[in-house]
Amino acid sequence: MAHVRLFKDVEKEKETHNYLSKEEIKEKVHKYNLAVTDKLKMTLNSNGIYTGFIKVQMELCKPSHTAGKPTASSNGCMNTLHISSTNTVGEVIEALLKKFLVTESPTKFALYKRCHREDQVYACKLSDREHPLYLRLVAGPRTDTLSFVLREHEIGEWEAFSLPELQNFLRILDKEEDEQLQNLKERYAAYRHKLEEALSQAWKPG
């Protein structure tokens with residue numbers, strides 16, 4: 001089931017951008033640029049590498065430190081970064097921290113992708129090897145479809161998620177529990193029916 005990925009610390013699906021041909025990338029970039037409404041278009045180079053913009057929201061649970069002094073000026077704001085398709089999640093985190101002169105180690109932070117589907121919010125921590133611009137390209141330019149969030153991940157596993165996200169997780173678990181119970185009931189009902197048929201056949205006079 002698709003929602004299983006929500007409860008993993010790192011999404012381990014293999015990215016497919018390494019297998020896209022130049023023509024496929026060209027077509028995706030063209031479609032992306034047609035859908036852009038804020039002039040933040042992507043540019044495709046002759047070598048197949050493309051550049052573009054991603055927006056990252058800072059959601060820090062505590063003030064970050066700049067040159068030894070705490071500051072909360074970056075918390076909650078949306079940042080726009082110009083990156084290439086070769087830039088990894090780890091490099092994006094480092095760029096954001098450098099932009100705000102944050103002296104804390106990049107290992108204390110994680111980049112999450114937040115997806116909105118059918119009035120529900122899905123959040124997933126990205127691994128350092130993933131490429132945010134590829135995810136942006138595939139999802140399209142709309143941030144209500146896909147958005148990026150920078151958070152600290154030194155805290156507890158569930159504390160990294162907002163209250164609405166945790167509520168969504170509970171709804172998903174409740175739905176899955178109901179589905180499993182229904183499937184189990186149907187399975188045993190079918191088994192009982194077959195058993196009763198077998199017994200009736202066995203007791204019929206020859």
# chains A, B, ... in the order shown; residues from 1 in each chain; ligands from 1

$ residues_around --residues "Asn87 of chain A" --least-positions-apart "2" --cutoff "9 Å" --atoms "only C-alpha atoms" --output "PyMOL selection string"
chain A and resi 83-85+89-92+129-133

$ residues_around --residues "Cys115 of chain A" --least-positions-apart "5" --cutoff "9 Å" --atoms "only C-alpha atoms" --output "list in words"
Gln120, Val121, Tyr122, Ala123, Cys124, Thr143, Asp144, Thr145, Leu146, Ser147 and Phe148 of chain A

$ residues_around --residues "segment 34-49 of chain A" --least-positions-apart "3" --cutoff "7 Å" --atoms "only C-alpha atoms" --output "list of chain:residue names"
A:Lys22, A:Lys26, A:Val29, A:His30, A:Lys31, A:Gly52, A:Phe53, A:Ser85, A:Pro141

$ residues_around --residues "Gln57 of chain A" --least-positions-apart "3" --cutoff "8 Å" --atoms "only C-alpha atoms" --output "list in words"
Gly76, Cys77, Met78, Asn79, Phe148, Val149 and Leu150 of chain A

$ atom_distance --atom1 "atom CA of Phe109 of chain A" --atom2 "atom CA of Glu152 of chain A"
4.2 Å

$ closest_residue --among "A:Ala110, A:Arg136, A:Thr88, A:Leu166" --to "Lys55 of chain A" --atoms "only C-alpha atoms"
A:Arg136

$ atom_distance --atom1 "atom CA of Asn183 of chain A" --atom2 "atom CA of Gln167 of chain A"
24.4 Å
